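Chemist: My structure file model.txt, compact mmCIF, C-alpha atoms and all ligand atoms, is below:
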```
# COMPACT_ATOMS: atom_id res chain seq x y z
CA MET A 27 -10.93 -22.01 4.97
CA LYS A 28 -7.54 -21.25 3.46
CA ALA A 29 -5.16 -19.55 5.93
CA LEU A 30 -3.22 -16.35 5.20
CA PRO A 31 0.59 -16.79 5.04
CA GLN A 32 1.08 -14.97 8.37
CA ALA A 33 -1.48 -17.19 10.05
CA ASP A 34 0.30 -20.30 8.75
CA ARG A 35 3.38 -19.44 10.81
CA PHE A 36 1.51 -20.47 13.95
CA GLY A 37 0.26 -23.89 12.90
CA GLU A 38 1.56 -25.79 15.94
CA LEU A 39 0.35 -23.18 18.40
CA ARG A 40 -3.09 -23.16 16.80
CA GLU A 41 -3.33 -26.94 16.93
CA ALA A 42 -2.43 -26.99 20.63
CA LEU A 43 -5.03 -24.32 21.38
CA ARG A 44 -7.67 -26.10 19.34
CA ALA A 45 -7.08 -29.29 21.32
CA ALA A 46 -7.25 -27.39 24.63
CA CYS A 47 -10.36 -25.38 23.74
CA GLY A 48 -12.02 -28.39 22.09
CA ALA A 49 -12.73 -29.82 25.55
CA PHE A 50 -15.09 -26.87 26.16
CA ASP A 51 -17.90 -27.34 23.70
CA ALA A 52 -21.01 -25.35 22.80
CA ALA A 53 -22.98 -26.93 25.67
CA TYR A 54 -20.33 -25.67 28.14
CA TRP A 55 -20.52 -22.07 26.91
CA GLN A 56 -24.32 -22.17 26.70
CA GLY A 57 -24.45 -23.34 30.33
CA VAL A 58 -22.12 -20.58 31.51
CA ASP A 59 -24.13 -17.99 29.58
CA GLU A 60 -27.49 -19.24 30.87
CA GLN A 61 -26.32 -19.20 34.49
CA ARG A 62 -24.54 -15.87 33.99
CA GLY A 63 -21.61 -17.69 35.49
CA TYR A 64 -17.85 -17.40 35.13
CA PRO A 65 -16.08 -20.02 32.96
CA GLU A 66 -13.96 -21.10 35.92
CA ALA A 67 -12.97 -24.52 34.53
CA PHE A 68 -11.97 -22.98 31.20
CA VAL A 69 -9.87 -20.23 32.79
CA ALA A 70 -8.27 -22.80 35.14
CA MET A 71 -7.33 -24.93 32.11
CA LEU A 72 -5.75 -21.91 30.37
CA THR A 73 -3.92 -20.90 33.55
CA GLN A 74 -2.57 -24.37 34.29
CA GLY A 75 -1.52 -24.76 30.67
CA GLY A 76 0.49 -21.53 30.98
CA TRP A 77 -1.41 -19.91 28.10
CA LEU A 78 -2.20 -16.72 30.01
CA ALA A 79 1.47 -16.33 30.97
CA ALA A 80 2.53 -16.31 27.31
CA MET A 81 3.93 -12.77 27.45
CA ILE A 82 5.60 -12.99 30.87
CA PRO A 83 9.37 -13.23 30.32
CA GLN A 84 11.02 -16.57 31.03
CA GLU A 85 13.09 -15.11 33.90
CA PHE A 86 9.79 -14.64 35.76
CA GLY A 87 8.46 -18.08 34.88
CA GLY A 88 6.42 -17.23 31.77
CA SER A 89 6.90 -18.33 28.16
CA GLY A 90 8.43 -15.06 26.93
CA LEU A 91 6.41 -15.14 23.71
CA GLY A 92 5.57 -12.10 21.60
CA LEU A 93 2.32 -10.27 20.97
CA ALA A 94 1.82 -12.25 17.74
CA GLU A 95 1.69 -15.56 19.62
CA ALA A 96 -0.44 -14.06 22.41
CA SER A 97 -2.86 -12.75 19.79
CA VAL A 98 -3.14 -16.21 18.21
CA ILE A 99 -4.06 -17.62 21.64
CA MET A 100 -6.85 -15.05 22.04
CA GLU A 101 -8.04 -15.55 18.46
CA GLU A 102 -8.25 -19.32 18.84
CA ILE A 103 -10.29 -19.06 22.06
CA ASN A 104 -12.95 -17.00 20.30
CA ARG A 105 -12.71 -19.02 17.13
CA SER A 106 -13.49 -22.16 19.15
CA GLY A 107 -16.81 -20.62 20.22
CA GLY A 108 -15.53 -19.42 23.60
CA ASN A 109 -15.09 -15.92 24.98
CA ALA A 110 -11.61 -14.65 25.86
CA GLY A 111 -13.21 -11.62 27.57
CA SER A 112 -13.37 -13.73 30.72
CA CYS A 113 -9.59 -13.72 31.02
CA HIS A 114 -7.87 -11.47 28.44
CA GLY A 115 -7.00 -8.88 31.13
CA GLN A 116 -4.30 -11.19 32.41
CA MET A 117 -2.55 -11.09 29.04
CA TYR A 118 -2.12 -7.31 28.90
CA ASN A 119 -2.44 -6.02 32.48
CA MET A 120 0.77 -7.69 33.55
CA GLY A 121 2.57 -5.65 30.83
CA THR A 122 2.07 -2.52 32.95
CA LEU A 123 3.71 -4.22 35.91
CA LEU A 124 6.49 -5.59 33.74
CA ARG A 125 7.36 -2.27 32.08
CA HIS A 126 6.84 0.13 34.99
CA GLY A 127 6.83 -1.90 38.21
CA SER A 128 9.79 -1.91 40.60
CA GLU A 129 12.14 -4.89 40.64
CA ALA A 130 10.65 -5.89 44.01
CA GLN A 131 7.06 -5.75 42.64
CA LYS A 132 8.02 -7.82 39.61
CA ARG A 133 9.82 -10.44 41.73
CA GLN A 134 6.91 -10.56 44.15
CA TRP A 135 4.10 -10.96 41.63
CA LEU A 136 5.14 -12.04 38.14
CA PRO A 137 6.37 -15.57 39.06
CA ARG A 138 3.15 -16.15 41.02
CA ILE A 139 1.03 -14.89 38.10
CA ALA A 140 3.00 -17.11 35.71
CA ALA A 141 2.52 -20.12 38.01
CA GLY A 142 -1.22 -19.49 38.11
CA GLU A 143 -1.31 -18.86 41.88
CA VAL A 144 -2.40 -15.25 41.47
CA ARG A 145 -4.66 -13.59 38.91
CA LEU A 146 -4.13 -10.06 37.63
CA GLN A 147 -7.28 -9.74 35.57
CA SER A 148 -8.50 -6.22 36.41
CA MET A 149 -7.66 -2.66 35.49
CA GLY A 150 -9.72 0.16 37.04
CA VAL A 151 -9.73 3.32 34.92
CA THR A 152 -13.25 4.30 33.78
CA GLU A 153 -15.41 6.52 35.99
CA PRO A 154 -19.07 7.56 35.70
CA ALA A 155 -18.47 11.30 35.39
CA ALA A 156 -15.28 11.17 33.29
CA GLY A 157 -16.15 8.62 30.59
CA THR A 158 -13.57 8.61 27.81
CA ASP A 159 -11.94 11.79 29.15
CA THR A 160 -9.67 10.04 31.66
CA SER A 161 -8.05 13.31 32.75
CA LYS A 162 -11.33 14.11 34.57
CA ILE A 163 -11.28 11.14 36.92
CA ARG A 164 -12.33 12.05 40.45
CA THR A 165 -10.98 9.08 42.40
CA THR A 166 -8.21 10.50 44.55
CA ALA A 167 -5.27 9.05 46.44
CA VAL A 168 -3.86 11.19 49.27
CA ARG A 169 -0.50 10.36 50.86
CA ARG A 170 -0.38 9.87 54.63
CA SER A 171 2.59 9.02 56.82
CA GLY A 172 2.32 7.89 60.39
CA PRO A 173 2.54 4.89 62.68
CA GLY A 174 0.77 2.81 59.99
CA GLY A 175 3.65 3.56 57.58
CA ASP A 176 3.81 5.50 54.35
CA ARG A 177 0.50 4.91 52.55
CA TRP A 178 -2.10 6.32 50.16
CA VAL A 179 -5.75 6.76 51.09
CA ILE A 180 -8.08 6.22 48.14
CA SER A 181 -11.63 7.58 47.78
CA GLY A 182 -13.96 7.72 44.80
CA GLN A 183 -15.82 5.54 42.34
CA LYS A 184 -15.15 3.48 39.21
CA VAL A 185 -17.54 1.91 36.73
CA TRP A 186 -17.36 -0.99 34.25
CA ILE A 187 -14.42 -2.61 35.98
CA SER A 188 -14.26 -6.17 34.70
CA ARG A 189 -13.33 -9.47 36.38
CA VAL A 190 -12.73 -7.97 39.85
CA GLN A 191 -14.60 -10.87 41.44
CA HIS A 192 -12.25 -13.32 39.73
CA SER A 193 -8.99 -11.50 40.24
CA ASP A 194 -6.51 -11.31 43.11
CA LEU A 195 -4.94 -8.06 41.93
CA MET A 196 -6.20 -4.92 40.24
CA ILE A 197 -4.28 -2.03 38.71
CA LEU A 198 -6.04 1.17 39.76
CA LEU A 199 -5.69 4.70 38.39
CA ALA A 200 -6.28 7.58 40.83
CA ARG A 201 -5.55 11.31 40.92
CA THR A 202 -2.65 12.14 43.21
CA THR A 203 -2.43 15.82 42.17
CA PRO A 204 -5.66 17.80 41.64
CA LEU A 205 -6.33 18.55 37.98
CA SER A 206 -6.13 22.29 38.68
CA GLN A 207 -2.57 21.91 40.03
CA ALA A 208 -1.23 19.42 37.44
CA ALA A 209 1.32 20.74 34.91
CA ARG A 210 -0.68 19.01 32.15
CA LYS A 211 -4.14 17.48 32.38
CA THR A 212 -2.71 14.01 31.68
CA GLU A 213 -0.26 14.31 34.58
CA GLY A 214 -0.95 13.96 38.30
CA MET A 215 -2.54 10.50 38.04
CA SER A 216 -0.84 7.45 39.55
CA LEU A 217 -1.18 3.68 39.36
CA PHE A 218 -1.58 1.37 42.34
CA LEU A 219 -1.49 -2.39 42.62
CA VAL A 220 -4.49 -3.25 44.79
CA GLU A 221 -4.90 -6.63 46.48
CA VAL A 222 -8.59 -7.28 45.95
CA GLN A 223 -9.45 -9.46 48.98
CA ALA A 224 -7.67 -7.16 51.43
CA ALA A 225 -9.30 -4.11 49.83
CA LEU A 226 -12.79 -5.64 50.13
CA ALA A 227 -12.36 -5.80 53.88
CA HIS A 228 -10.96 -2.27 54.17
CA GLY A 229 -12.77 0.38 52.14
CA MET A 230 -13.57 -1.03 48.70
CA SER A 231 -16.98 -2.39 47.73
CA VAL A 232 -18.19 -3.99 44.52
CA ARG A 233 -21.59 -3.76 42.84
CA PRO A 234 -22.01 -6.03 39.79
CA ILE A 235 -23.57 -4.51 36.65
CA ARG A 236 -26.04 -6.76 34.85
CA ASN A 237 -25.32 -6.23 31.17
CA MET A 238 -26.06 -7.45 27.64
CA VAL A 239 -23.18 -9.95 27.61
CA ASN A 240 -22.34 -12.51 30.25
CA HIS A 241 -19.35 -10.43 31.25
CA GLU A 242 -18.44 -9.88 34.88
CA THR A 243 -18.13 -6.13 35.23
CA ASN A 244 -18.74 -3.87 38.23
CA GLU A 245 -19.11 -0.53 39.91
CA LEU A 246 -16.43 -0.03 42.54
CA PHE A 247 -16.67 2.30 45.52
CA PHE A 248 -13.63 3.45 47.51
CA ASP A 249 -14.09 4.92 50.94
CA GLY A 250 -10.70 5.50 52.56
CA LEU A 251 -9.00 2.40 51.15
CA GLU A 252 -5.38 2.40 52.36
CA VAL A 253 -2.64 1.18 50.05
CA ALA A 254 1.04 1.03 51.06
CA HIS A 255 3.35 3.37 49.14
CA GLU A 256 5.30 0.31 47.92
CA GLN A 257 2.20 -0.66 45.93
CA MET A 258 2.45 2.40 43.68
CA ILE A 259 3.57 1.39 40.19
CA GLY A 260 6.35 3.55 38.76
CA GLN A 261 6.59 7.27 39.45
CA GLU A 262 3.94 9.36 41.14
CA GLY A 263 1.91 11.36 38.61
CA GLN A 264 2.84 9.27 35.55
CA GLY A 265 0.05 6.68 35.72
CA PHE A 266 -1.84 7.86 32.64
CA ARG A 267 1.31 7.58 30.50
CA TYR A 268 1.88 4.03 31.76
CA ILE A 269 -1.67 3.09 30.83
CA LEU A 270 -1.28 4.56 27.35
CA ASP A 271 1.86 2.45 26.96
CA GLY A 272 -0.16 -0.74 27.36
CA LEU A 273 -2.98 0.20 25.03
CA ASN A 274 -1.37 -0.94 21.80
CA ALA A 275 -1.04 -4.50 23.09
CA GLU A 276 -4.58 -4.43 24.44
CA ARG A 277 -6.05 -3.17 21.18
CA THR A 278 -4.16 -5.70 19.08
CA LEU A 279 -5.23 -8.59 21.32
CA ILE A 280 -8.87 -7.47 21.19
CA ALA A 281 -8.54 -7.22 17.39
CA ALA A 282 -7.39 -10.85 17.37
CA GLU A 283 -10.42 -11.87 19.46
CA CYS A 284 -12.71 -10.12 16.98
CA ILE A 285 -10.97 -11.95 14.13
CA GLY A 286 -11.55 -15.24 15.98
CA ASP A 287 -15.23 -14.32 16.33
CA ALA A 288 -15.46 -13.35 12.66
CA TYR A 289 -14.03 -16.68 11.47
CA TRP A 290 -16.40 -18.49 13.82
CA PHE A 291 -19.41 -16.62 12.35
CA ILE A 292 -18.26 -17.13 8.76
CA GLU A 293 -17.74 -20.87 9.22
CA LYS A 294 -21.06 -21.23 11.03
CA ALA A 295 -22.88 -19.29 8.27
CA ARG A 296 -21.06 -21.16 5.49
CA ARG A 297 -22.03 -24.52 6.92
CA TYR A 298 -25.66 -23.61 7.60
CA ALA A 299 -26.07 -22.00 4.16
CA SER A 300 -24.77 -25.21 2.55
CA GLU A 301 -27.08 -27.48 4.54
CA ARG A 302 -30.35 -25.59 4.93
CA VAL A 303 -32.72 -26.39 2.06
CA VAL A 304 -35.60 -24.03 1.21
CA PHE A 305 -37.37 -23.84 -2.18
CA ASP A 306 -35.73 -27.21 -2.94
CA ARG A 307 -32.14 -25.92 -2.84
CA PRO A 308 -29.53 -24.96 -0.27
CA ILE A 309 -30.07 -21.33 0.75
CA GLY A 310 -26.34 -20.75 0.09
CA GLN A 311 -27.02 -21.24 -3.63
CA ASN A 312 -28.70 -17.83 -3.62
CA GLN A 313 -26.30 -14.97 -4.17
CA GLY A 314 -28.33 -12.84 -1.77
CA VAL A 315 -27.23 -15.28 0.96
CA GLN A 316 -23.69 -15.86 -0.36
CA PHE A 317 -22.60 -12.28 -0.79
CA PRO A 318 -22.80 -10.99 2.81
CA ILE A 319 -20.80 -14.04 3.94
CA ALA A 320 -18.19 -13.49 1.22
CA GLN A 321 -18.04 -9.79 2.09
CA ALA A 322 -17.48 -10.59 5.78
CA TYR A 323 -14.68 -12.99 4.82
CA ILE A 324 -12.93 -10.32 2.72
CA GLU A 325 -13.19 -7.77 5.55
CA THR A 326 -11.86 -10.29 8.06
CA GLU A 327 -8.84 -11.20 5.94
CA ALA A 328 -8.00 -7.49 5.53
CA ALA A 329 -8.32 -6.91 9.29
CA ASN A 330 -6.08 -9.91 9.88
CA LEU A 331 -3.30 -8.36 7.78
CA MET A 332 -3.44 -5.19 9.86
CA ARG A 333 -3.44 -7.21 13.09
CA PHE A 334 -0.24 -9.02 12.08
CA ALA A 335 1.30 -5.71 10.95
CA ALA A 336 0.64 -4.32 14.46
CA CYS A 337 2.07 -7.47 16.11
CA GLU A 338 5.20 -7.38 14.00
CA LEU A 339 5.93 -3.73 14.91
CA PHE A 340 5.13 -4.24 18.59
CA ASP A 341 7.37 -7.31 18.83
CA ALA A 342 10.18 -5.39 17.11
CA HIS A 343 9.76 -2.61 19.75
CA LYS A 344 8.73 -0.12 17.05
CA PRO A 345 5.88 2.42 17.28
CA CYS A 346 2.59 0.72 16.38
CA GLY A 347 -0.13 3.08 17.63
CA ALA A 348 -1.66 3.61 14.20
CA GLU A 349 -1.58 -0.08 13.26
CA ALA A 350 -2.95 -1.24 16.63
CA ASN A 351 -5.83 1.23 16.45
CA MET A 352 -6.60 0.42 12.83
CA ALA A 353 -6.45 -3.33 13.53
CA LYS A 354 -8.91 -2.93 16.40
CA TYR A 355 -11.23 -0.81 14.23
CA LEU A 356 -11.13 -3.12 11.20
CA ALA A 357 -11.47 -6.31 13.23
CA ALA A 358 -14.36 -5.07 15.38
CA LYS A 359 -16.16 -3.93 12.21
CA ALA A 360 -15.46 -7.20 10.40
CA SER A 361 -16.65 -9.34 13.31
CA TRP A 362 -19.83 -7.30 13.58
CA GLU A 363 -20.53 -7.65 9.84
CA ALA A 364 -19.82 -11.39 10.06
CA ALA A 365 -22.17 -11.63 13.06
CA GLU A 366 -24.91 -9.86 11.14
CA ALA A 367 -24.44 -12.08 8.07
CA CYS A 368 -24.43 -15.21 10.23
CA LEU A 369 -27.59 -14.27 12.10
CA GLN A 370 -29.39 -13.34 8.89
CA THR A 371 -28.31 -16.61 7.23
CA HIS A 372 -29.77 -18.58 10.12
CA GLY A 373 -33.15 -16.85 9.84
CA GLY A 374 -35.28 -17.59 12.91
CA TYR A 375 -32.80 -20.17 14.19
CA GLY A 376 -30.23 -17.42 14.68
CA PHE A 377 -32.28 -16.34 17.69
CA ALA A 378 -32.30 -19.78 19.34
CA ALA A 379 -29.72 -20.01 22.16
CA GLU A 380 -28.78 -23.58 21.17
CA TYR A 381 -27.26 -22.34 17.89
CA ASP A 382 -24.84 -20.02 19.79
CA VAL A 383 -25.21 -17.29 17.17
CA GLU A 384 -27.16 -14.88 19.37
CA ARG A 385 -24.65 -15.30 22.21
CA LYS A 386 -21.61 -14.62 20.03
CA PHE A 387 -23.56 -11.77 18.35
CA ARG A 388 -23.96 -10.05 21.73
CA GLU A 389 -20.37 -10.78 22.75
CA THR A 390 -18.72 -9.35 19.65
CA ARG A 391 -20.81 -6.15 19.66
CA LEU A 392 -19.01 -5.00 22.81
CA TYR A 393 -15.79 -4.37 20.92
CA GLN A 394 -17.05 -1.32 19.10
CA VAL A 395 -17.45 0.36 22.49
CA ALA A 396 -14.79 -1.13 24.76
CA PRO A 397 -11.96 -0.88 25.50
CA ILE A 398 -12.11 2.11 23.16
CA SER A 399 -15.04 3.30 21.07
CA THR A 400 -14.89 3.60 17.29
CA ASN A 401 -15.12 7.41 17.34
CA LEU A 402 -12.04 7.65 19.52
CA ILE A 403 -10.10 5.54 17.00
CA TYR A 404 -11.17 7.91 14.21
CA SER A 405 -10.00 10.73 16.42
CA TYR A 406 -6.60 9.07 17.01
CA ILE A 407 -6.02 8.53 13.29
CA ALA A 408 -7.23 12.04 12.39
CA GLU A 409 -4.84 13.71 14.84
CA HIS A 410 -1.84 11.42 15.11
CA VAL A 411 -1.64 10.05 11.57
CA LEU A 412 -3.27 12.73 9.43
CA GLY A 413 -2.11 15.71 11.49
CA LEU A 414 -5.56 17.28 11.74
CA PRO A 415 -6.18 19.76 14.56
CA ARG A 416 -6.91 18.36 18.03
CA SER A 417 -10.61 18.37 18.84
CA PHE A 418 -10.27 17.79 22.62
C1 LIG B 501 -18.68 -4.67 29.27
C2 LIG B 501 -17.69 -3.57 29.52
C3 LIG B 501 -16.48 -3.86 30.15
C4 LIG B 501 -15.59 -2.83 30.45
N1 LIG B 501 -14.44 -3.12 31.16
C5 LIG B 501 -13.65 -2.10 31.61
C6 LIG B 501 -12.55 -2.34 32.51
O1 LIG B 501 -12.26 -3.49 32.86
N2 LIG B 501 -11.84 -1.29 32.97
C7 LIG B 501 -12.13 0.00 32.62
O2 LIG B 501 -11.45 0.91 33.10
N3 LIG B 501 -13.16 0.26 31.76
C8 LIG B 501 -13.93 -0.74 31.26
N4 LIG B 501 -14.99 -0.49 30.41
C9 LIG B 501 -15.28 0.91 30.05
C10 LIG B 501 -15.03 1.22 28.59
O3 LIG B 501 -13.66 1.35 28.36
C11 LIG B 501 -15.83 2.52 28.32
O4 LIG B 501 -17.21 2.18 28.36
C12 LIG B 501 -15.48 3.09 27.00
O5 LIG B 501 -14.14 3.55 27.02
C13 LIG B 501 -16.39 4.28 26.67
O6 LIG B 501 -16.54 5.15 27.77
P1 LIG B 501 -18.00 5.57 28.27
O7 LIG B 501 -18.81 4.34 28.38
O8 LIG B 501 -17.87 6.41 29.47
O9 LIG B 501 -18.55 6.42 27.05
P2 LIG B 501 -18.52 8.00 26.86
O10 LIG B 501 -17.14 8.54 27.04
O11 LIG B 501 -19.62 8.60 27.67
O12 LIG B 501 -18.90 8.10 25.32
C14 LIG B 501 -20.21 7.75 24.83
C15 LIG B 501 -20.19 7.80 23.32
O13 LIG B 501 -19.84 9.12 22.88
C16 LIG B 501 -18.72 9.05 22.01
N5 LIG B 501 -17.85 10.23 22.24
C17 LIG B 501 -17.44 10.73 23.45
N6 LIG B 501 -16.64 11.81 23.26
C18 LIG B 501 -16.53 11.97 21.91
C19 LIG B 501 -15.83 12.89 21.07
N7 LIG B 501 -15.06 13.87 21.58
N8 LIG B 501 -15.95 12.77 19.73
C20 LIG B 501 -16.72 11.80 19.19
N9 LIG B 501 -17.40 10.89 19.93
C21 LIG B 501 -17.30 10.97 21.28
C22 LIG B 501 -17.99 7.77 22.32
O14 LIG B 501 -17.29 7.31 21.19
C23 LIG B 501 -19.14 6.85 22.73
O15 LIG B 501 -19.65 6.18 21.60
C24 LIG B 501 -15.88 -1.51 30.05
C25 LIG B 501 -17.07 -1.23 29.37
C26 LIG B 501 -17.98 -2.23 29.11
C27 LIG B 501 -19.27 -1.89 28.41
```
Go through the file and emit its structure as structure tokens.
Ligand SMILES: Cc1cc2nc3c(=O)[nH]c(=O)nc-3n(C[C@H](O)[C@H](O)[C@H](O)COP(=O)(O)OP(=O)(O)OC[C@H]3O[C@@H](n4cnc5c(N)ncnc54)[C@H](O)[C@@H]3O)c2cc1C
Modeler:
Amino acid sequence: MKALPQADRFGELREALRAACGAFDAAYWQGVDEQRGYPEAFVAMLTQGGWLAAMIPQEFGGSGLGLAEASVIMEEINRSGGNAGSCHGQMYNMGTLLRHGSEAQKRQWLPRIAAGEVRLQSMGVTEPAAGTDTSKIRTTAVRRSGPGGDRWVISGQKVWISRVQHSDLMILLARTTPLSQAARKTEGMSLFLVEVQAALAHGMSVRPIRNMVNHETNELFFDGLEVAHEQMIGQEGQGFRYILDGLNAERTLIAAECIGDAYWFIEKARRYASERVVFDRPIGQNQGVQFPIAQAYIETEAANLMRFAACELFDAHKPCGAEANMAKYLAAKASWEAAEACLQTHGGYGFAAEYDVERKFRETRLYQVAPISTNLIYSYIAEHVLGLPRSF
């Protein structure tokens, strides 16, 4: 497939990623999926190669690359047939620590994350009763001082918290001022850096959620978990704002993963349609088979332009909320349409695990729901770009 001009800029990076991901073939991903396992060897390879430290500044031992390069890394993982969902948290979670953490926190953790000694793969925000309305979270952190030092005691519950079992650190959002006493509903929430192993022994428990994708995600229960005050990130009460700050990077990286998926589906469909002969001709000779694949390609190229527009603004430290949201929307839609075209092109074989189509089909569907659902993107554009009245 011909590459867009923006994509061409990253030729060397793409080649390096393709070589690295090439060692993990379809059989590897099928095995991980069948066992509902974690792609440990794959994540170890990415970590040792420094790929997941791409956005950590050089002074902390990372590569100091921009969002554009980071997005190409995520895209290439999914384009190779893999699933970056097993490790993408590391790429954007550390941004919260970098932008809002204290100097001591950054010096303590970022070099170790960059060196691959420590994983920061998890972010705990979503709760069962609050859903998308984060201001309604019920997990609380109450400050206590005494012989044990200045600390916060955390109680409550989270849901859908990914990669906790494969992470050393988790960024956790909790209410530190009751909603009724907060100046604004988005204030009074704070962020904490939780050390997972220590927390498991002292008040946090994990219950895995079996789900449609082979994606490690969990319910978390907090019963008096104590966290030292030094582990609070930034100022008390400003946690929600810090999380919002990181969303543009997260959405753009997920858009890139969807684009990687879409190209994978299009190439898979193109090849199968050229080779599969029915009624004495390749099925791809029929326009009824060609057109959905061509349509998916057009949608993917358009999404790709928006993804690079978002990256360019982000890397130039300019506002990119609209572009990041639109990139995520367009890319998730394009990858889903490409998935549908690919499955349909494969006929019955699309359902056979050995063709990988059904696995990637399940994986890419997630991105219309998480990390933000399509309706909430419409809502963002309606209010923040078009100036329509707030609906909530
Ligand atoms: C596999 C997986 C992994 C996840 N990983 C994480 C993680 O690591 N950390 C984390 O914190 N969260 C995680 N999530 C949670 C994810 O971010 C939420 O599921 C998502 O934000 C939607 O929230 P909800 O499921 O509570 O849906 P709800 O808020 O209950 O919404 C349900 C539906 O109603 C729609 N809706 C709600 N309100 C409105 C409205 N006002 N107008 C129009 N439509 C509306 C939504 O768009 C959605 O389609 C994960 C989820 C999944 C499925």
Chemist: If the limit is 8 Å from any atom of ligand LIG 501 (chain B), counting all atoms listed in the file, which residues qualify? Return them as a count of residues only.
Modeler: 36
Chemist: Using all atoms listed in the file, can you tell me which of A:Leu146, A:Ile324, A:Leu251, A:Ile403 comes closest to Ala353 in chain A?
Modeler: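 When distances to Ala353 in chain A are compared using all atoms listed in the file, the smallest one comes from A:Ile403.
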Chemist: Work out how far apart CA of Met196 in chain A and CA of Leu219 in chain A are and give it in Å to one decimal.
Modeler: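 Computed distance, CA of Met196 in chain A to CA of Leu219 in chain A, equals 5.9 Å.
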Chemist: What are the closest atom pairs, with distances in Å to one decimal, for all residues of range 118-165 of chain A lying within 8 Å of range 268-274 of chain A? Consider all atoms listed in the file, order rows by chain and residue number, and present the result as a Markdown table.
Modeler:
```
| residue | atom | partner | partner_atom | distance |
| --- | --- | --- | --- | --- |
| A:Tyr118 | CA | A:Gly272 | CA | 7.0 |
| A:Asn119 | CA | A:Gly272 | CA | 7.7 |
| A:Gly121 | CA | A:Gly272 | CA | 6.6 |
| A:Thr122 | CA | A:Gly272 | CA | 6.3 |
| A:His126 | CA | A:Tyr268 | CA | 7.1 |
```
Chemist: Could you check which residues have any atom within 8 Å of (-10.4, -6.8, 19.1), counting only C-alpha atoms with coordinates taken straight from the file, and then list them as a PyMOL selection string?
Modeler: chain A and resi 277-285+353-355+357-358+393
Chemist: How far is it from CA of Glu389 in chain A to CA of Met238 in chain A, in Å with one decimal?
Modeler: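 Going from CA of Glu389 in chain A over to CA of Met238 in chain A, I get 8.2 Å.
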Chemist: Excluding same-chain residues fewer than 5 positions from Met120 in chain A, what lies within 9 Å of it counting only C-alpha atoms, as an mmCIF file with C-alpha atoms, keeping the file's coordinate frame?
Modeler:
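Result file follows (out_24.cif):
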```cif
data_model
loop_
_atom_site.group_PDB
_atom_site.id
_atom_site.type_symbol
_atom_site.label_atom_id
_atom_site.label_comp_id
_atom_site.auth_asym_id
_atom_site.auth_seq_id
_atom_site.Cartn_x
_atom_site.Cartn_y
_atom_site.Cartn_z
ATOM 1 C CA MET A 81 3.930 -12.770 27.450
ATOM 2 C CA ILE A 82 5.600 -12.990 30.870
ATOM 3 C CA GLY A 115 -7.000 -8.880 31.130
ATOM 4 C CA ARG A 125 7.360 -2.270 32.080
ATOM 5 C CA LEU A 136 5.140 -12.040 38.140
ATOM 6 C CA ILE A 139 1.030 -14.890 38.100
ATOM 7 C CA LEU A 146 -4.130 -10.060 37.630
ATOM 8 C CA GLN A 147 -7.280 -9.740 35.570
#
```
